[in-house]
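The data block below is target-v9.csv; it holds CSV, C-alpha atoms (C1' of nucleotides).
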chain,number,residue,atom,x,y,z
A,1,MET,CA,-16.3,29.8,-30.3
A,2,THR,CA,-17.1,28.8,-33.9
A,3,SER,CA,-16.0,31.3,-36.5
A,4,PRO,CA,-18.6,32.6,-39.0
A,5,ALA,CA,-16.8,30.6,-41.7
A,6,ALA,CA,-16.9,27.5,-39.7
A,7,ARG,CA,-20.5,28.1,-38.8
A,8,ARG,CA,-21.5,28.2,-42.5
A,9,LEU,CA,-19.6,25.0,-43.0
A,10,SER,CA,-21.4,23.4,-40.0
A,11,ILE,CA,-24.2,22.4,-42.3
A,12,SER,CA,-22.0,19.5,-43.3
A,13,THR,CA,-19.4,19.6,-40.6
A,14,ALA,CA,-20.7,19.4,-37.1
A,15,GLU,CA,-19.4,22.1,-34.8
A,16,PRO,CA,-16.5,20.8,-32.8
A,17,GLY,CA,-17.8,20.1,-29.3
A,18,HIS,CA,-15.9,19.7,-26.1
A,19,ALA,CA,-14.6,16.3,-27.0
A,20,ALA,CA,-13.3,17.3,-30.4
A,21,ARG,CA,-11.5,20.5,-29.2
A,22,LEU,CA,-10.0,18.5,-26.4
A,23,LEU,CA,-8.5,16.0,-28.8
A,24,VAL,CA,-7.2,18.8,-31.1
A,25,TRP,CA,-5.4,20.3,-28.1
A,26,TYR,CA,-4.1,16.8,-27.0
A,27,ASP,CA,-2.6,16.1,-30.4
A,28,GLN,CA,-0.4,19.2,-30.0
A,29,ASN,CA,0.2,19.2,-26.3
A,30,ALA,CA,0.3,15.6,-25.0
A,31,ARG,CA,2.9,14.9,-22.4
A,32,VAL,CA,5.5,12.3,-23.4
A,33,LEU,CA,5.4,9.6,-20.7
A,34,PRO,CA,7.2,6.2,-20.4
A,35,TRP,CA,4.0,4.2,-20.3
A,36,ARG,CA,2.3,5.8,-23.2
A,37,ALA,CA,2.3,4.1,-26.6
A,38,ARG,CA,3.8,6.0,-29.5
A,39,PRO,CA,1.1,7.8,-31.4
A,40,GLY,CA,-0.6,5.4,-33.8
A,41,THR,CA,0.7,2.3,-32.0
A,42,ALA,CA,-1.3,0.0,-29.7
A,43,ALA,CA,-0.9,0.3,-26.0
A,44,ASP,CA,0.4,-2.7,-24.0
A,45,PRO,CA,-2.2,-3.5,-21.4
A,46,TYR,CA,0.4,-4.7,-18.9
A,47,ARG,CA,2.2,-1.4,-19.0
A,48,VAL,CA,-1.0,0.6,-18.8
A,49,TRP,CA,-2.1,-1.5,-15.8
A,50,LEU,CA,1.3,-1.3,-14.1
A,51,SER,CA,1.4,2.5,-14.6
A,52,GLU,CA,-2.2,3.1,-13.5
A,53,ILE,CA,-1.6,1.2,-10.2
A,54,MET,CA,1.6,3.1,-9.5
A,55,LEU,CA,0.0,6.4,-10.4
A,56,GLN,CA,-2.8,6.0,-7.8
A,57,GLN,CA,-2.4,9.0,-5.5
A,58,THR,CA,1.2,9.3,-6.7
A,59,THR,CA,2.9,11.9,-8.9
A,60,VAL,CA,4.2,11.2,-12.4
A,61,LYS,CA,7.7,12.2,-11.3
A,62,THR,CA,7.7,9.8,-8.4
A,63,VAL,CA,6.4,6.9,-10.4
A,64,GLY,CA,9.0,7.2,-13.3
A,65,PRO,CA,11.9,5.3,-11.7
A,66,TYR,CA,9.7,2.7,-10.2
A,67,PHE,CA,8.0,2.0,-13.5
A,68,ALA,CA,11.3,1.6,-15.3
A,69,LYS,CA,12.6,-0.7,-12.5
A,70,PHE,CA,9.6,-2.9,-12.5
A,71,LEU,CA,9.4,-3.2,-16.3
A,72,ALA,CA,13.1,-4.1,-16.6
A,73,ARG,CA,12.7,-6.8,-14.0
A,74,TRP,CA,9.3,-8.1,-15.0
A,75,PRO,CA,8.7,-7.3,-18.7
A,76,ASP,CA,5.3,-9.0,-18.7
A,77,VAL,CA,2.5,-10.1,-16.4
A,78,ALA,CA,3.6,-13.7,-16.4
A,79,ALA,CA,7.0,-12.7,-15.2
A,80,LEU,CA,5.5,-10.6,-12.4
A,81,ALA,CA,3.2,-13.4,-11.4
A,82,ALA,CA,6.1,-15.8,-11.1
A,83,ALA,CA,8.0,-13.5,-8.8
A,84,PRO,CA,8.0,-14.0,-5.0
A,85,ARG,CA,5.7,-11.6,-3.2
A,86,GLU,CA,8.5,-10.5,-0.9
A,87,GLU,CA,10.5,-9.4,-3.9
A,88,VAL,CA,7.6,-7.3,-5.2
A,89,LEU,CA,7.2,-5.6,-1.8
A,90,GLN,CA,10.9,-4.9,-1.7
A,91,MET,CA,10.9,-3.3,-5.1
A,92,TRP,CA,7.8,-1.2,-4.1
A,93,ALA,CA,9.4,0.0,-0.9
A,94,GLY,CA,9.3,3.8,-0.7
A,95,LEU,CA,6.4,4.2,-3.1
A,96,GLY,CA,3.8,4.1,-0.3
A,97,TYR,CA,0.3,2.6,-0.1
A,98,TYR,CA,1.6,-0.9,0.2
A,99,SER,CA,-1.7,-2.6,-0.3
A,100,ARG,CA,-1.1,-1.7,-3.9
A,101,ALA,CA,1.9,-3.9,-4.1
A,102,ARG,CA,0.2,-6.8,-2.5
A,103,ASN,CA,-2.8,-6.4,-4.9
A,104,LEU,CA,-0.5,-5.9,-7.8
A,105,HIS,CA,1.0,-9.3,-7.3
A,106,ALA,CA,-2.4,-10.9,-6.5
A,107,CYS,CA,-3.7,-9.4,-9.7
A,108,ALA,CA,-0.9,-10.7,-11.8
A,109,LEU,CA,-1.5,-14.2,-10.4
A,110,ALA,CA,-5.2,-13.9,-11.2
A,111,VAL,CA,-4.6,-12.7,-14.7
A,112,VAL,CA,-2.3,-15.7,-15.4
A,113,ARG,CA,-4.4,-18.3,-13.5
A,114,ASP,CA,-7.9,-17.1,-14.5
A,115,HIS,CA,-7.4,-15.3,-17.8
A,116,GLY,CA,-4.6,-17.2,-19.5
A,117,GLY,CA,-2.2,-14.3,-19.1
A,118,ALA,CA,-4.3,-11.7,-20.9
A,119,PHE,CA,-6.1,-8.9,-19.1
A,120,PRO,CA,-9.9,-8.7,-19.5
A,121,ASP,CA,-10.7,-6.2,-22.2
A,122,ASP,CA,-13.7,-4.5,-20.7
A,123,GLU,CA,-14.5,-2.5,-17.6
A,124,ALA,CA,-16.6,-5.1,-15.8
A,125,GLY,CA,-14.0,-7.8,-16.3
A,126,LEU,CA,-11.1,-5.6,-15.1
A,127,ARG,CA,-13.2,-4.4,-12.1
A,128,GLN,CA,-13.1,-8.0,-10.7
A,129,LEU,CA,-9.4,-8.0,-10.3
A,130,PRO,CA,-7.6,-7.0,-7.0
A,131,GLY,CA,-6.5,-3.4,-6.8
A,132,ILE,CA,-8.6,-2.3,-9.8
A,133,GLY,CA,-11.4,0.0,-8.8
A,134,PRO,CA,-13.8,2.1,-10.8
A,135,TYR,CA,-11.2,4.6,-11.9
A,136,THR,CA,-8.5,2.1,-12.9
A,137,ALA,CA,-10.9,-0.2,-14.7
A,138,ALA,CA,-12.2,2.6,-16.8
A,139,ALA,CA,-8.6,3.9,-17.5
A,140,ILE,CA,-7.3,0.5,-18.7
A,141,ALA,CA,-10.5,-0.2,-20.7
A,142,ALA,CA,-10.2,3.1,-22.5
A,143,ILE,CA,-6.4,3.4,-22.9
A,144,ALA,CA,-5.5,-0.2,-23.6
A,145,PHE,CA,-8.7,-1.5,-25.3
A,146,GLY,CA,-10.3,1.6,-26.7
A,147,ARG,CA,-13.6,1.1,-24.8
A,148,HIS,CA,-15.9,4.1,-24.7
A,149,CYS,CA,-15.5,5.1,-21.1
A,150,MET,CA,-14.0,7.9,-19.1
A,151,PRO,CA,-12.0,7.3,-15.9
A,152,VAL,CA,-12.6,10.0,-13.3
A,153,ASP,CA,-9.6,10.8,-11.2
A,154,GLY,CA,-8.8,14.0,-9.2
A,155,ASN,CA,-7.8,15.8,-12.4
A,156,ILE,CA,-11.0,15.0,-14.3
A,157,GLU,CA,-13.1,15.8,-11.2
A,158,ARG,CA,-11.5,19.2,-11.2
A,159,VAL,CA,-11.9,19.9,-14.9
A,160,VAL,CA,-15.5,18.7,-15.0
A,161,THR,CA,-16.7,20.5,-11.9
A,162,ARG,CA,-15.2,23.7,-13.3
A,163,LEU,CA,-16.5,23.2,-16.8
A,164,PHE,CA,-20.1,22.9,-15.4
A,165,ALA,CA,-19.6,24.9,-12.2
A,166,VAL,CA,-20.9,22.0,-10.1
A,167,GLU,CA,-22.0,23.4,-6.8
A,168,GLN,CA,-22.6,20.1,-5.0
A,169,PRO,CA,-19.5,19.2,-3.0
A,170,LEU,CA,-17.5,16.0,-3.5
A,171,PRO,CA,-17.8,13.2,-2.9
A,172,GLN,CA,-21.6,13.5,-3.1
A,173,ALA,CA,-21.2,14.9,-6.7
A,174,LYS,CA,-19.3,11.9,-8.0
A,175,PRO,CA,-22.2,10.2,-9.9
A,176,GLN,CA,-23.1,13.5,-11.6
A,177,VAL,CA,-19.4,14.2,-12.5
A,178,GLN,CA,-19.0,10.7,-13.8
A,179,GLU,CA,-21.9,11.2,-16.1
A,180,GLN,CA,-20.7,14.6,-17.3
A,181,ALA,CA,-17.2,13.3,-17.8
A,182,LEU,CA,-18.4,10.6,-20.2
A,183,MET,CA,-19.8,13.3,-22.5
A,184,LEU,CA,-16.2,14.4,-23.1
A,185,ALA,CA,-15.1,11.1,-24.5
A,186,GLY,CA,-14.4,11.5,-28.2
A,187,GLU,CA,-15.8,9.0,-30.7
A,188,GLY,CA,-13.3,6.3,-31.4
A,189,ARG,CA,-10.6,7.9,-29.3
A,190,ALA,CA,-11.7,7.2,-25.7
A,191,GLY,CA,-8.1,6.5,-24.5
A,192,ASP,CA,-6.8,9.7,-25.9
A,193,SER,CA,-9.7,11.6,-24.5
A,194,ALA,CA,-9.0,10.3,-21.1
A,195,GLN,CA,-5.4,11.1,-21.2
A,196,ALA,CA,-6.2,14.5,-22.7
A,197,MET,CA,-8.4,15.3,-19.7
A,198,MET,CA,-5.6,14.2,-17.3
A,199,ASP,CA,-3.0,16.3,-19.1
A,200,LEU,CA,-5.4,19.3,-19.1
A,201,GLY,CA,-5.9,18.9,-15.3
A,202,ALA,CA,-2.2,18.4,-14.7
A,203,THR,CA,-0.8,21.3,-16.8
A,204,LEU,CA,-3.6,23.9,-17.3
A,205,CYS,CA,-6.6,23.3,-15.1
A,206,THR,CA,-4.5,23.1,-12.0
A,207,PRO,CA,-5.8,23.4,-8.4
A,208,LYS,CA,-4.4,26.9,-8.0
A,209,LYS,CA,-4.0,29.6,-10.6
A,210,PRO,CA,-5.3,27.7,-13.6
A,211,SER,CA,-4.1,28.9,-17.1
A,212,CYS,CA,-7.6,29.5,-18.5
A,213,VAL,CA,-6.3,31.6,-21.4
A,214,LEU,CA,-4.6,28.5,-22.8
A,215,CYS,CA,-7.4,26.1,-22.2
A,216,PRO,CA,-9.2,24.6,-25.2
A,217,LEU,CA,-12.4,24.4,-23.1
A,218,GLN,CA,-12.3,27.9,-21.9
A,219,PRO,CA,-15.0,29.3,-24.2
A,220,ASP,CA,-17.5,26.8,-22.5
A,221,CYS,CA,-16.2,26.8,-19.0
A,222,ALA,CA,-18.8,28.0,-16.5
A,223,ALA,CA,-16.4,28.5,-13.6
A,224,CYS,CA,-14.0,30.5,-15.8
A,225,ARG,CA,-16.9,32.8,-16.8
A,226,ARG,CA,-17.8,33.2,-13.2
A,227,GLY,CA,-14.2,34.2,-12.5
A,228,ASP,CA,-13.6,31.8,-9.6
A,229,PRO,CA,-12.4,28.6,-11.2
A,230,GLU,CA,-10.1,27.9,-8.2
A,231,THR,CA,-13.0,27.4,-5.9
A,232,PHE,CA,-14.0,24.2,-7.7
A,233,PRO,CA,-14.4,21.4,-6.9
A,234,ARG,CA,-16.4,22.2,-3.8
A,235,LYS,CA,-15.2,20.0,-1.0
A,236,ALA,CA,-15.8,19.6,2.7
A,237,PRO,CA,-12.7,20.4,4.7
A,238,LYS,CA,-11.0,17.4,6.3
A,239,LYS,CA,-9.7,17.2,9.8
A,240,THR,CA,-6.1,16.4,10.5
A,241,GLY,CA,-5.2,13.4,12.7
A,242,GLU,CA,-3.9,13.6,16.2
A,243,LEU,CA,-0.2,13.3,16.8
A,244,ARG,CA,0.8,9.8,17.8
A,245,ARG,CA,4.0,8.9,19.7
A,246,GLY,CA,6.0,5.7,20.1
A,247,ALA,CA,9.5,4.2,20.4
A,248,ALA,CA,11.6,2.3,18.0
A,249,PHE,CA,14.3,-0.1,19.2
A,250,ILE,CA,17.5,-0.7,17.3
A,251,VAL,CA,19.3,-3.8,18.4
A,252,ARG,CA,22.8,-4.3,17.0
A,253,ARG,CA,24.7,-7.6,16.9
A,254,GLY,CA,28.0,-6.7,15.4
A,255,ASP,CA,27.2,-5.4,11.9
A,256,GLN,CA,23.6,-6.7,12.0
A,257,LEU,CA,20.3,-5.3,13.1
A,258,LEU,CA,17.2,-7.0,14.6
A,259,LEU,CA,14.2,-6.8,12.2
A,260,ARG,CA,10.7,-8.2,11.9
A,261,SER,CA,7.8,-8.1,9.5
A,262,ARG,CA,4.6,-6.3,10.1
A,263,ALA,CA,1.2,-8.0,10.1
A,264,ASP,CA,0.0,-8.7,6.6
A,265,LYS,CA,-2.8,-6.2,6.6
A,266,GLY,CA,-3.2,-2.6,7.8
A,267,LEU,CA,-0.7,0.2,8.1
A,268,LEU,CA,2.5,-0.8,6.3
A,269,GLY,CA,1.2,-4.3,5.9
A,270,GLY,CA,3.7,-6.9,5.2
A,271,MET,CA,6.6,-4.4,5.3
A,272,THR,CA,9.8,-4.7,7.3
A,273,GLU,CA,10.4,-2.8,10.6
A,274,VAL,CA,12.6,-2.6,13.6
A,275,PRO,CA,10.9,-3.7,16.9
A,276,GLY,CA,8.9,-0.9,18.3
A,277,SER,CA,6.1,0.2,20.7
A,278,GLU,CA,2.6,0.9,19.8
A,279,TRP,CA,1.9,4.3,18.2
A,280,LEU,CA,-0.6,6.0,20.4
A,281,PRO,CA,-1.8,9.6,20.9
A,282,GLY,CA,-0.4,11.1,24.1
A,283,GLN,CA,1.8,8.1,24.9
A,284,SER,CA,4.7,9.0,27.2
A,285,ASP,CA,8.3,8.1,26.4
A,286,ALA,CA,8.4,5.9,29.6
A,287,ALA,CA,5.3,3.9,28.5
A,288,ALA,CA,6.7,3.4,25.0
A,289,ARG,CA,10.1,2.4,26.4
A,290,ARG,CA,8.6,-0.4,28.5
A,291,GLN,CA,7.7,-2.1,25.2
A,292,ALA,CA,11.3,-2.8,24.3
A,293,PRO,CA,12.2,-6.3,23.2
A,294,VAL,CA,13.8,-8.5,25.7
A,295,LEU,CA,17.0,-10.4,24.8
A,296,PRO,CA,19.5,-12.2,27.1
A,297,GLY,CA,22.7,-10.3,27.6
A,298,LEU,CA,21.5,-7.1,26.1
A,299,SER,CA,23.4,-3.9,26.9
A,300,ARG,CA,21.7,-0.9,28.4
A,301,TRP,CA,19.3,1.0,26.1
A,302,ARG,CA,20.8,4.3,25.0
A,303,ARG,CA,18.3,6.9,23.8
A,304,ARG,CA,19.3,8.8,20.7
A,305,PRO,CA,18.8,12.6,21.0
A,306,GLY,CA,15.9,14.1,19.1
A,307,VAL,CA,13.0,12.3,17.5
A,308,VAL,CA,12.1,10.9,14.1
A,309,SER,CA,9.1,12.7,12.7
A,310,HIS,CA,6.9,11.3,10.0
A,311,VAL,CA,3.5,12.2,8.5
A,312,PHE,CA,1.1,9.6,7.3
A,313,THR,CA,-2.1,10.5,5.5
A,314,HIS,CA,-4.3,10.5,8.6
A,315,PHE,CA,-1.9,11.2,11.4
A,316,PRO,CA,1.6,12.6,12.2
A,317,LEU,CA,4.0,10.4,14.1
A,318,GLU,CA,7.0,11.0,16.4
A,319,LEU,CA,9.3,8.2,17.3
A,320,VAL,CA,11.9,8.1,20.0
A,321,VAL,CA,14.8,5.9,19.1
A,322,TYR,CA,16.8,3.6,21.5
A,323,VAL,CA,19.9,1.6,20.6
A,324,ALA,CA,21.4,-1.4,22.4
A,325,ASP,CA,24.0,-4.1,21.6
A,326,ALA,CA,23.5,-7.8,21.8
A,327,PRO,CA,26.4,-10.3,22.3
A,328,ALA,CA,27.6,-12.4,19.4
A,329,GLY,CA,25.6,-15.5,19.1
A,330,THR,CA,22.4,-14.1,20.6
A,331,LYS,CA,19.4,-15.8,19.1
A,332,PRO,CA,16.6,-13.6,17.7
A,333,PRO,CA,13.3,-13.5,19.6
A,334,ASP,CA,10.3,-15.3,17.9
A,335,GLY,CA,9.3,-13.8,14.6
A,336,MET,CA,12.5,-11.6,14.4
A,337,ARG,CA,15.7,-12.0,12.4
A,338,TRP,CA,19.2,-10.6,12.1
A,339,VAL,CA,20.0,-8.7,8.9
A,340,ALA,CA,23.3,-7.3,7.9
A,341,ILE,CA,23.3,-3.5,7.8
A,342,ASP,CA,24.8,-3.8,4.3
A,343,ALA,CA,21.8,-5.8,3.2
A,344,LEU,CA,19.1,-3.4,4.2
A,345,GLU,CA,18.5,-2.3,0.6
A,346,GLY,CA,17.2,-5.9,0.0
A,347,GLU,CA,14.5,-5.4,2.7
A,348,ALA,CA,11.0,-4.0,2.2
A,349,LEU,CA,11.8,-1.0,4.5
A,350,PRO,CA,9.2,1.8,4.3
A,351,ASN,CA,10.5,5.3,4.5
A,352,VAL,CA,9.6,5.8,8.1
A,353,MET,CA,11.8,2.9,9.0
A,354,ARG,CA,14.6,4.1,6.8
A,355,LYS,CA,14.4,7.3,8.8
A,356,VAL,CA,14.5,5.4,12.1
A,357,VAL,CA,17.5,3.3,11.1
A,358,ARG,CA,19.4,6.3,9.8
A,359,HIS,CA,18.7,8.2,13.0
A,360,GLY,CA,19.6,5.2,15.2
A,361,LEU,CA,22.8,4.5,13.5
A,362,GLY,CA,23.8,8.1,14.1
A,363,ASP,CA,23.8,9.4,10.6
B,1,DT,C1',-20.4,6.6,4.2
B,2,DA,C1',-16.4,7.7,6.2
B,3,DG,C1',-12.0,6.1,7.8
B,4,DT,C1',-7.8,3.8,6.5
B,5,DC,C1',-3.8,3.6,3.8
B,6,DG,C1',2.6,6.6,2.3
B,7,DT,C1',5.2,9.7,0.6
B,8,DG,C1',6.8,13.8,-1.7
B,9,DG,C1',5.9,18.4,-3.5
B,10,DT,C1',3.7,23.0,-3.6
B,11,DT,C1',1.8,27.1,-1.9
C,1,DT,C1',3.9,26.5,8.2
C,2,DA,C1',-0.1,24.0,7.9
C,3,DA,C1',-3.0,22.6,4.4
C,4,DC,C1',-3.6,20.7,0.2
C,5,DC,C1',-2.8,17.7,-3.6
C,6,DA,C1',-1.2,13.6,-6.5
C,7,DA,C1',-4.0,8.8,-13.0
C,8,DG,C1',-7.8,5.8,-5.7
C,9,DA,C1',-9.0,1.1,-3.5
C,10,DC,C1',-10.9,-1.2,0.1
C,11,DT,C1',-13.7,-1.9,4.2

Full structure transcribed into structure tokens:
Amino acid sequence: MTSPAARRLSISTAEPGHAARLLVWYDQNARVLPWRARPGTAADPYRVWLSEIMLQQTTVKTVGPYFAKFLARWPDVAALAAAPREEVLQMWAGLGYYSRARNLHACALAVVRDHGGAFPDDEAGLRQLPGIGPYTAAAIAAIAFGRHCMPVDGNIERVVTRLFAVEQPLPQAKPQVQEQALMLAGEGRAGDSAQAMMDLGATLCTPKKPSCVLCPLQPDCAACRRGDPETFPRKAPKKTGELRRGAAFIVRRGDQLLLRSRADKGLLGGMTEVPGSEWLPGQSDAAARRQAPVLPGLSRWRRRPGVVSHVFTHFPLELVVYVADAPAGTKPPDGMRWVAIDALEGEALPNVMRKVVRHGLGD
DNA sequence: TAGTCGTGGTT
DNA sequence: TAACCAAGACT
């Protein structure tokens, strides 16, 4: 709280509120991250945007190498817009949530085509672009353009619901949290305030065992006073999905594999895969195997021992893997293609398919 | 509004 | 280990 000396001074110097104390803490404790501008220098909207898209539901550690890779290959939004979409998907492979990659490219094209290559400099304008929702629009507006707004992500939801001991569960409490979060934006330093809140949530106000003794907001934190900060935010428990089963089919033609591209939308949209059965709860191995591709002259299917297990956000998956050989010269079925095993790095293979190939090739 | 959409890490 | 979480968007 305010010291007696400071209180006397507060006649002319307003008592530091939440926002001010947050910024004092940030100036001494800000994380150094590749996409952040050096203190005192302006942020590059392209880098801010690229990082914000990559960071959606993705950890800082995971994003690091992808951010560097993208920036080296496409140093500005015009370069990214000029790239083939397939190349963007391939570079994104492994990062997950692939609609982000499709929207990233669509957004770059829109910025070049509709905005002369410059990002809109306010929340409303940004919000119109593909892949930019309420959070990302506010984050870019604050960090890149200094607009007075506060993006609300998982970190900030946690900090705010603890600070005010919000009893209403999420997501119902979102409007209230948004309003309270904005009160923490410092005058003239909205971008730093936003990043300070994220750093606070990531390093001190953590989901479990928060370090309240080090927190600059601790004197005012209702949840900390109650003694149960970990119980915030309130949230309804979510149900786990049912296990789905299926089969994946690896067809070898010499040193090549048979691949195809998934439908543009939906799960793993636009990504590369080996032919496979549907993924259904309770599907028998026999039913899955009947969905094998048909090629002339194909050898017998050999089932690889074991299964490939993978967990998506809303369901776990188990795939049985079969392998067969096709004679030299065999033409690929409609919509499929032969790809050299050595060239798989150049494909937009999601991790589940990397697991399948590794398993099928006996690694 | 609630379900869909990846993957890796932590507890 | 099963559950939860990570700078959410879209339908």

What is the distance, in Å and to one decimal place, between atom CA of Thr272 of chain A and atom CA of Ser284 of chain A?
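Pair atom CA of Thr272 of chain A / atom CA of Ser284 of chain A returns 24.7 Å.
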
At most 9 Å to chain A: residues in chain C, all atoms listed in the file, as a PyMOL selection string
chain C and resi 5-10

Residues within 8 Å of segment 3-10 of chain B, please, as a PDB file with C-alpha atoms, in the frame of the given file. Count all atoms listed in the file; anything in the same chain fewer than 4 positions from it doesn't count.
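For reference, around-v5.pdb as written:
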ATOM      1  CA  THR A  62       7.700   9.800  -8.400  1.00  0.00           C
ATOM      2  CA  GLY A  94       9.300   3.800  -0.700  1.00  0.00           C
ATOM      3  CA  LEU A  95       6.400   4.200  -3.100  1.00  0.00           C
ATOM      4  CA  GLY A  96       3.800   4.100  -0.300  1.00  0.00           C
ATOM      5  CA  TYR A  97       0.300   2.600  -0.100  1.00  0.00           C
ATOM      6  CA  TYR A  98       1.600  -0.900   0.200  1.00  0.00           C
ATOM      7  CA  SER A  99      -1.700  -2.600  -0.300  1.00  0.00           C
ATOM      8  CA  GLY A 266      -3.200  -2.600   7.800  1.00  0.00           C
ATOM      9  CA  LEU A 267      -0.700   0.200   8.100  1.00  0.00           C
ATOM     10  CA  PHE A 312       1.100   9.600   7.300  1.00  0.00           C
ATOM     11  CA  THR A 313      -2.100  10.500   5.500  1.00  0.00           C
ATOM     12  CA  HIS A 314      -4.300  10.500   8.600  1.00  0.00           C
ATOM     13  CA  ASN A 351      10.500   5.300   4.500  1.00  0.00           C
TER      14      ASN A 351
END

Figure out the distance between atom CA of Asp220 of chain A and atom CA of Leu163 of chain A, please, to one decimal in Å.
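Result for atom CA of Leu163 of chain A versus atom CA of Asp220 of chain A: 6.8 Å, one decimal.
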
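Between atom CA of Pro34 of chain A and atom CA of Trp92 of chain A the interatomic distance comes to 17.9 Å.
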
Which is closer to chain B than all the others in A:Phe70, A:Trp338, A:Trp49, A:Phe315, using all atoms listed in the file?
A:Phe315

Compare A:Pro305, A:Pro75, A:Pro233, A:Pro171 by their minimum atom-to-atom distance to chain B, counting all atoms listed in the file, and give me the closest one.
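Ranking A:Pro305, A:Pro75, A:Pro233, A:Pro171 by distance to chain B, first place goes to A:Pro171.
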
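If all atoms listed in the file are the atoms counted, then among A:His105, A:Ala81, A:Leu22, A:Gly270 the closest residue to Gly201 of chain A is A:Leu22.
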
Where is the centre and how long are the edges: axis-aligned box on segment 2-10 of chain B, 5 Å on each side, Å to one decimal, as lines of an AutoDock Vina configuration file:
center_x = -4.8
center_y = 13.3
center_z = 2.1
size_x = 33.2
size_y = 29.4
size_z = 21.4

Best match for closeness to chain B among A:Lys61, A:Arg31, A:Lys235, A:Arg38, counting only C-alpha atoms (C1' of nucleotides):
A:Lys61

Tell me, as number ranges by chain, which residues lie within 9 Å of Gly246 of chain A, counting all atoms listed in the file; anything in the same chain fewer than 3 positions away does not count.
A: 276-281, 283-285, 287-289, 317-321

Please rebuild segment 107-123 of chain A with N, CA and C atoms and give the result as a PDB file, keeping the file's coordinate frame.
ATOM      1  N   CYS A 107      -3.078  -9.580  -8.451  1.00  0.00           N
ATOM      2  CA  CYS A 107      -3.700  -9.400  -9.700  1.00  0.00           C
ATOM      3  C   CYS A 107      -2.981 -10.081 -10.853  1.00  0.00           C
ATOM      4  N   ALA A 108      -1.661  -9.997 -10.823  1.00  0.00           N
ATOM      5  CA  ALA A 108      -0.900 -10.700 -11.800  1.00  0.00           C
ATOM      6  C   ALA A 108      -1.134 -12.195 -11.789  1.00  0.00           C
ATOM      7  N   LEU A 109      -1.188 -12.732 -10.575  1.00  0.00           N
ATOM      8  CA  LEU A 109      -1.500 -14.200 -10.400  1.00  0.00           C
ATOM      9  C   LEU A 109      -2.857 -14.506 -10.975  1.00  0.00           C
ATOM     10  N   ALA A 110      -3.833 -13.637 -10.702  1.00  0.00           N
ATOM     11  CA  ALA A 110      -5.200 -13.900 -11.200  1.00  0.00           C
ATOM     12  C   ALA A 110      -5.286 -13.820 -12.686  1.00  0.00           C
ATOM     13  N   VAL A 111      -4.572 -12.882 -13.287  1.00  0.00           N
ATOM     14  CA  VAL A 111      -4.600 -12.700 -14.700  1.00  0.00           C
ATOM     15  C   VAL A 111      -4.029 -14.002 -15.399  1.00  0.00           C
ATOM     16  N   VAL A 112      -2.949 -14.507 -14.817  1.00  0.00           N
ATOM     17  CA  VAL A 112      -2.300 -15.700 -15.400  1.00  0.00           C
ATOM     18  C   VAL A 112      -3.204 -16.939 -15.126  1.00  0.00           C
ATOM     19  N   ARG A 113      -3.712 -17.044 -13.903  1.00  0.00           N
ATOM     20  CA  ARG A 113      -4.400 -18.300 -13.500  1.00  0.00           C
ATOM     21  C   ARG A 113      -5.855 -18.292 -14.130  1.00  0.00           C
ATOM     22  N   ASP A 114      -6.544 -17.137 -14.120  1.00  0.00           N
ATOM     23  CA  ASP A 114      -7.900 -17.100 -14.500  1.00  0.00           C
ATOM     24  C   ASP A 114      -8.182 -16.616 -15.945  1.00  0.00           C
ATOM     25  N   HIS A 115      -7.188 -15.946 -16.532  1.00  0.00           N
ATOM     26  CA  HIS A 115      -7.400 -15.300 -17.800  1.00  0.00           C
ATOM     27  C   HIS A 115      -6.351 -15.693 -18.854  1.00  0.00           C
ATOM     28  N   GLY A 116      -5.606 -16.743 -18.580  1.00  0.00           N
ATOM     29  CA  GLY A 116      -4.600 -17.200 -19.500  1.00  0.00           C
ATOM     30  C   GLY A 116      -3.521 -16.165 -19.835  1.00  0.00           C
ATOM     31  N   GLY A 117      -3.276 -15.259 -18.891  1.00  0.00           N
ATOM     32  CA  GLY A 117      -2.200 -14.300 -19.100  1.00  0.00           C
ATOM     33  C   GLY A 117      -2.588 -13.046 -19.831  1.00  0.00           C
ATOM     34  N   ALA A 118      -3.858 -12.914 -20.192  1.00  0.00           N
ATOM     35  CA  ALA A 118      -4.300 -11.700 -20.900  1.00  0.00           C
ATOM     36  C   ALA A 118      -5.319 -10.956 -20.056  1.00  0.00           C
ATOM     37  N   PHE A 119      -5.141  -9.655 -19.932  1.00  0.00           N
ATOM     38  CA  PHE A 119      -6.100  -8.900 -19.100  1.00  0.00           C
ATOM     39  C   PHE A 119      -7.456  -8.878 -19.769  1.00  0.00           C
ATOM     40  N   PRO A 120      -8.511  -8.901 -18.942  1.00  0.00           N
ATOM     41  CA  PRO A 120      -9.900  -8.700 -19.500  1.00  0.00           C
ATOM     42  C   PRO A 120      -9.931  -7.426 -20.267  1.00  0.00           C
ATOM     43  N   ASP A 121     -10.710  -7.394 -21.354  1.00  0.00           N
ATOM     44  CA  ASP A 121     -10.700  -6.200 -22.200  1.00  0.00           C
ATOM     45  C   ASP A 121     -11.876  -5.299 -22.047  1.00  0.00           C
ATOM     46  N   ASP A 122     -12.600  -5.467 -20.928  1.00  0.00           N
ATOM     47  CA  ASP A 122     -13.700  -4.500 -20.700  1.00  0.00           C
ATOM     48  C   ASP A 122     -13.709  -4.108 -19.189  1.00  0.00           C
ATOM     49  N   GLU A 123     -14.464  -3.050 -18.936  1.00  0.00           N
ATOM     50  CA  GLU A 123     -14.500  -2.500 -17.600  1.00  0.00           C
ATOM     51  C   GLU A 123     -14.957  -3.460 -16.553  1.00  0.00           C
TER      52      GLU A 123
END
